[in-house]
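Shown next: run23.pdb, containing PDB, C-alpha atoms, pLDDT in the B column.
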ATOM      1  CA  MET I   1     -17.979   3.640 -24.325  1.00 89.00           C
ATOM      2  CA  THR I   2     -16.451   2.278 -27.532  1.00 91.00           C
ATOM      3  CA  MET I   3     -14.796  -1.112 -27.919  1.00 93.00           C
ATOM      4  CA  TYR I   4     -11.467   0.744 -28.035  1.00 93.00           C
ATOM      5  CA  ASP I   5     -12.177   2.387 -24.669  1.00 93.00           C
ATOM      6  CA  LYS I   6     -13.215  -0.952 -23.152  1.00 94.00           C
ATOM      7  CA  ALA I   7     -10.129  -2.688 -24.498  1.00 95.00           C
ATOM      8  CA  PHE I   8      -7.925   0.127 -23.188  1.00 94.00           C
ATOM      9  CA  LYS I   9      -9.399  -0.202 -19.673  1.00 94.00           C
ATOM     10  CA  ALA I  10      -9.075  -4.009 -19.723  1.00 94.00           C
ATOM     11  CA  LEU I  11      -5.432  -3.812 -20.832  1.00 93.00           C
ATOM     12  CA  GLU I  12      -4.691  -1.405 -17.985  1.00 93.00           C
ATOM     13  CA  LYS I  13      -6.428  -3.697 -15.493  1.00 92.00           C
ATOM     14  CA  TYR I  14      -4.285  -6.637 -16.635  1.00 91.00           C
ATOM     15  CA  GLY I  15      -1.022  -4.748 -16.154  1.00 89.00           C
ATOM     16  CA  PHE I  16      -0.310  -3.391 -19.623  1.00 89.00           C
ATOM     17  CA  SER I  17       0.450   0.267 -20.372  1.00 89.00           C
ATOM     18  CA  PRO I  18      -1.529   0.824 -23.564  1.00 93.00           C
ATOM     19  CA  ASP I  19      -1.370   3.925 -25.722  1.00 93.00           C
ATOM     20  CA  MET I  20      -4.318   5.052 -27.807  1.00 92.00           C
ATOM     21  CA  VAL I  21      -3.350   7.093 -30.851  1.00 91.00           C
ATOM     22  CA  GLY I  22      -5.206   8.404 -33.849  1.00 88.00           C
ATOM     23  CA  GLY I  23      -8.358  10.414 -34.136  1.00 83.00           C
ATOM     24  CA  PRO I  24     -11.863   9.533 -33.005  1.00 81.00           C
ATOM     25  CA  ASP I  25     -12.625   8.170 -36.484  1.00 84.00           C
ATOM     26  CA  ASP I  26      -9.565   5.904 -36.612  1.00 86.00           C
ATOM     27  CA  PRO I  27      -8.220   4.978 -33.161  1.00 90.00           C
ATOM     28  CA  HIS I  28      -5.362   2.533 -32.664  1.00 93.00           C
ATOM     29  CA  ILE I  29      -4.118   0.824 -29.515  1.00 94.00           C
ATOM     30  CA  PHE I  30      -0.446   0.028 -29.023  1.00 93.00           C
ATOM     31  CA  VAL I  31       1.063  -2.012 -26.183  1.00 92.00           C
ATOM     32  CA  ASN I  32       4.679  -2.420 -25.219  1.00 86.00           C
ATOM     33  CA  VAL I  33       5.802  -6.053 -24.994  1.00 81.00           C
ATOM     34  CA  TRP I  34       9.089  -7.666 -24.002  1.00 76.00           C
ATOM     35  CA  THR I  35      10.586 -10.248 -26.323  1.00 70.00           C
ATOM     36  CA  ASP I  36      13.157 -12.596 -24.841  1.00 74.00           C
ATOM     37  CA  ASP I  37      14.369 -13.574 -28.308  1.00 73.00           C
ATOM     38  CA  MET I  38      15.271  -9.992 -29.148  1.00 68.00           C
ATOM     39  CA  GLY I  39      16.171  -9.030 -25.592  1.00 78.00           C
ATOM     40  CA  ARG I  40      14.225  -5.787 -25.764  1.00 80.00           C
ATOM     41  CA  SER I  41      10.761  -4.313 -25.661  1.00 78.00           C
ATOM     42  CA  GLN I  42       8.754  -3.442 -28.693  1.00 81.00           C
ATOM     43  CA  ASP I  43       5.526  -1.518 -29.357  1.00 85.00           C
ATOM     44  CA  MET I  44       2.859  -3.625 -31.034  1.00 90.00           C
ATOM     45  CA  ARG I  45      -0.339  -2.364 -32.616  1.00 92.00           C
ATOM     46  CA  LEU I  46      -3.388  -4.443 -31.717  1.00 94.00           C
ATOM     47  CA  HIS I  47      -5.577  -5.664 -34.564  1.00 93.00           C
ATOM     48  CA  ASP I  48      -9.326  -4.973 -34.364  1.00 93.00           C
ATOM     49  CA  THR I  49      -9.931  -8.667 -33.596  1.00 95.00           C
ATOM     50  CA  GLU I  50      -7.622  -8.422 -30.568  1.00 95.00           C
ATOM     51  CA  ILE I  51      -9.230  -5.150 -29.504  1.00 95.00           C
ATOM     52  CA  GLY I  52     -12.628  -6.868 -29.684  1.00 96.00           C
ATOM     53  CA  TRP I  53     -11.327  -9.696 -27.502  1.00 96.00           C
ATOM     54  CA  TRP I  54     -10.005  -7.283 -24.870  1.00 95.00           C
ATOM     55  CA  ALA I  55     -13.264  -5.315 -25.007  1.00 95.00           C
ATOM     56  CA  SER I  56     -15.156  -8.531 -24.255  1.00 95.00           C
ATOM     57  CA  LYS I  57     -12.841  -9.132 -21.243  1.00 93.00           C
ATOM     58  CA  TYR I  58     -13.897  -5.699 -19.974  1.00 93.00           C
ATOM     59  CA  GLU I  59     -17.582  -6.493 -20.451  1.00 89.00           C
ATOM     60  CA  LYS I  60     -17.413  -9.964 -18.886  1.00 89.00           C
ATOM     61  CA  GLU I  61     -14.989  -9.452 -16.012  1.00 83.00           C
ATOM     62  CA  LEU I  62     -14.580  -5.795 -15.185  1.00 74.00           C
ATOM     63  CA  VAL I  63     -18.117  -4.423 -15.405  1.00 72.00           C
ATOM     64  CA  ASN I  64     -19.762  -7.069 -13.219  1.00 59.00           C
TER      65      ASN I  64
END

In structure tokens, write the structure found in this file.
Amino acid sequence: MTMYDKAFKALEKYGFSPDMVGGPDDPHIFVNVWTDDMGRSQDMRLHDTEIGWWASKYEKELVN
């Protein structure tokens, strides 16, 4: 399981509806977030650092 797969599963577990796009060589994860300032939702692409953080949440909390 890649860090992208782990992050995807962790995001789902915490109530997000992530989308994984791109090919196996260059995956990207997008999440939809609500912004009160704009009064609407917006898709945001997660940076690799954020994906790594979510992957660690999967490893620490969801596997055990």

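The set of residues that the PyMOL selection byres ((chain I and resi 16) around 12) takes from this file is Ala7, Phe8, Lys9, Ala10, Leu11, Glu12, Lys13, Tyr14, Gly15, Ser17, Pro18, Asp19, Ile29, Phe30, Val31, Asn32, Val33, Trp34, Asp43, Met44 and Trp54 of chain I.
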
So what does the PyMOL selection byres ((chain I and resi 52) around 12) actually pick up in this one, as a PDB file with C-alpha atoms, in the frame of the given file?
ATOM      1  CA  THR I   2     -16.451   2.278 -27.532  1.00 91.00           C
ATOM      2  CA  MET I   3     -14.796  -1.112 -27.919  1.00 93.00           C
ATOM      3  CA  TYR I   4     -11.467   0.744 -28.035  1.00 93.00           C
ATOM      4  CA  ASP I   5     -12.177   2.387 -24.669  1.00 93.00           C
ATOM      5  CA  LYS I   6     -13.215  -0.952 -23.152  1.00 94.00           C
ATOM      6  CA  ALA I   7     -10.129  -2.688 -24.498  1.00 95.00           C
ATOM      7  CA  PHE I   8      -7.925   0.127 -23.188  1.00 94.00           C
ATOM      8  CA  ALA I  10      -9.075  -4.009 -19.723  1.00 94.00           C
ATOM      9  CA  LEU I  11      -5.432  -3.812 -20.832  1.00 93.00           C
ATOM     10  CA  ILE I  29      -4.118   0.824 -29.515  1.00 94.00           C
ATOM     11  CA  LEU I  46      -3.388  -4.443 -31.717  1.00 94.00           C
ATOM     12  CA  HIS I  47      -5.577  -5.664 -34.564  1.00 93.00           C
ATOM     13  CA  ASP I  48      -9.326  -4.973 -34.364  1.00 93.00           C
ATOM     14  CA  THR I  49      -9.931  -8.667 -33.596  1.00 95.00           C
ATOM     15  CA  GLU I  50      -7.622  -8.422 -30.568  1.00 95.00           C
ATOM     16  CA  ILE I  51      -9.230  -5.150 -29.504  1.00 95.00           C
ATOM     17  CA  TRP I  53     -11.327  -9.696 -27.502  1.00 96.00           C
ATOM     18  CA  TRP I  54     -10.005  -7.283 -24.870  1.00 95.00           C
ATOM     19  CA  ALA I  55     -13.264  -5.315 -25.007  1.00 95.00           C
ATOM     20  CA  SER I  56     -15.156  -8.531 -24.255  1.00 95.00           C
ATOM     21  CA  LYS I  57     -12.841  -9.132 -21.243  1.00 93.00           C
ATOM     22  CA  TYR I  58     -13.897  -5.699 -19.974  1.00 93.00           C
ATOM     23  CA  GLU I  59     -17.582  -6.493 -20.451  1.00 89.00           C
TER      24      GLU I  59
END

Edge lengths and centre in Å to one decimal, as JSON, is what I'm after for the box along x, y and z that holds all listed atoms of stretch 32-38 of chain I once 8 Å is added on each side.
{"center_x": 10.0, "center_y": -8.0, "center_z": -26.6, "size_x": 26.6, "size_y": 27.2, "size_z": 21.1}

Q. What is the distance, in Å and to one decimal place, between atom CA of I:Arg45 and atom CA of I:Met20?
A. 9.7 Å

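Take atom CA of I:Gly22 and atom CA of I:Ser41: the distance between them is 22.0 Å.
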
N, CA and C atoms are what I want for stretch 9-23 of chain I; can you complete it accordingly and write them as a short mmCIF file (atom, residue, chain, number, x, y, z; two decimals), in the coordinates of the input?
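Result saved to selection-v6.cif:
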data_model
loop_
_atom_site.label_atom_id
_atom_site.label_comp_id
_atom_site.auth_asym_id
_atom_site.auth_seq_id
_atom_site.Cartn_x
_atom_site.Cartn_y
_atom_site.Cartn_z
N LYS I 9 -9.21 -0.01 -21.12
CA LYS I 9 -9.40 -0.20 -19.67
C LYS I 9 -9.02 -1.62 -19.25
N ALA I 10 -9.40 -2.62 -20.05
CA ALA I 10 -9.07 -4.01 -19.72
C ALA I 10 -7.56 -4.22 -19.75
N LEU I 11 -6.89 -3.68 -20.75
CA LEU I 11 -5.43 -3.81 -20.83
C LEU I 11 -4.76 -3.20 -19.61
N GLU I 12 -5.25 -2.03 -19.19
CA GLU I 12 -4.69 -1.40 -17.98
C GLU I 12 -4.91 -2.30 -16.77
N LYS I 13 -6.10 -2.85 -16.64
CA LYS I 13 -6.43 -3.70 -15.49
C LYS I 13 -5.52 -4.93 -15.43
N TYR I 14 -5.13 -5.45 -16.59
CA TYR I 14 -4.28 -6.64 -16.64
C TYR I 14 -2.79 -6.32 -16.67
N GLY I 15 -2.43 -5.08 -16.35
CA GLY I 15 -1.02 -4.75 -16.15
C GLY I 15 -0.28 -4.20 -17.36
N PHE I 16 -0.97 -3.98 -18.46
CA PHE I 16 -0.31 -3.39 -19.62
C PHE I 16 -0.37 -1.87 -19.52
N SER I 17 0.48 -1.20 -20.28
CA SER I 17 0.45 0.27 -20.37
C SER I 17 0.12 0.63 -21.81
N PRO I 18 -1.16 0.57 -22.17
CA PRO I 18 -1.53 0.82 -23.56
C PRO I 18 -1.46 2.31 -23.91
N ASP I 19 -1.29 2.57 -25.18
CA ASP I 19 -1.37 3.92 -25.72
C ASP I 19 -2.43 3.92 -26.80
N MET I 20 -3.33 4.92 -26.75
CA MET I 20 -4.32 5.05 -27.81
C MET I 20 -3.91 6.26 -28.65
N VAL I 21 -3.76 6.03 -29.93
CA VAL I 21 -3.35 7.09 -30.85
C VAL I 21 -4.35 7.15 -32.00
N GLY I 22 -4.29 8.23 -32.73
CA GLY I 22 -5.21 8.40 -33.85
C GLY I 22 -6.40 9.22 -33.42
N GLY I 23 -7.18 9.60 -34.40
CA GLY I 23 -8.36 10.41 -34.14
C GLY I 23 -9.56 9.58 -33.75
#
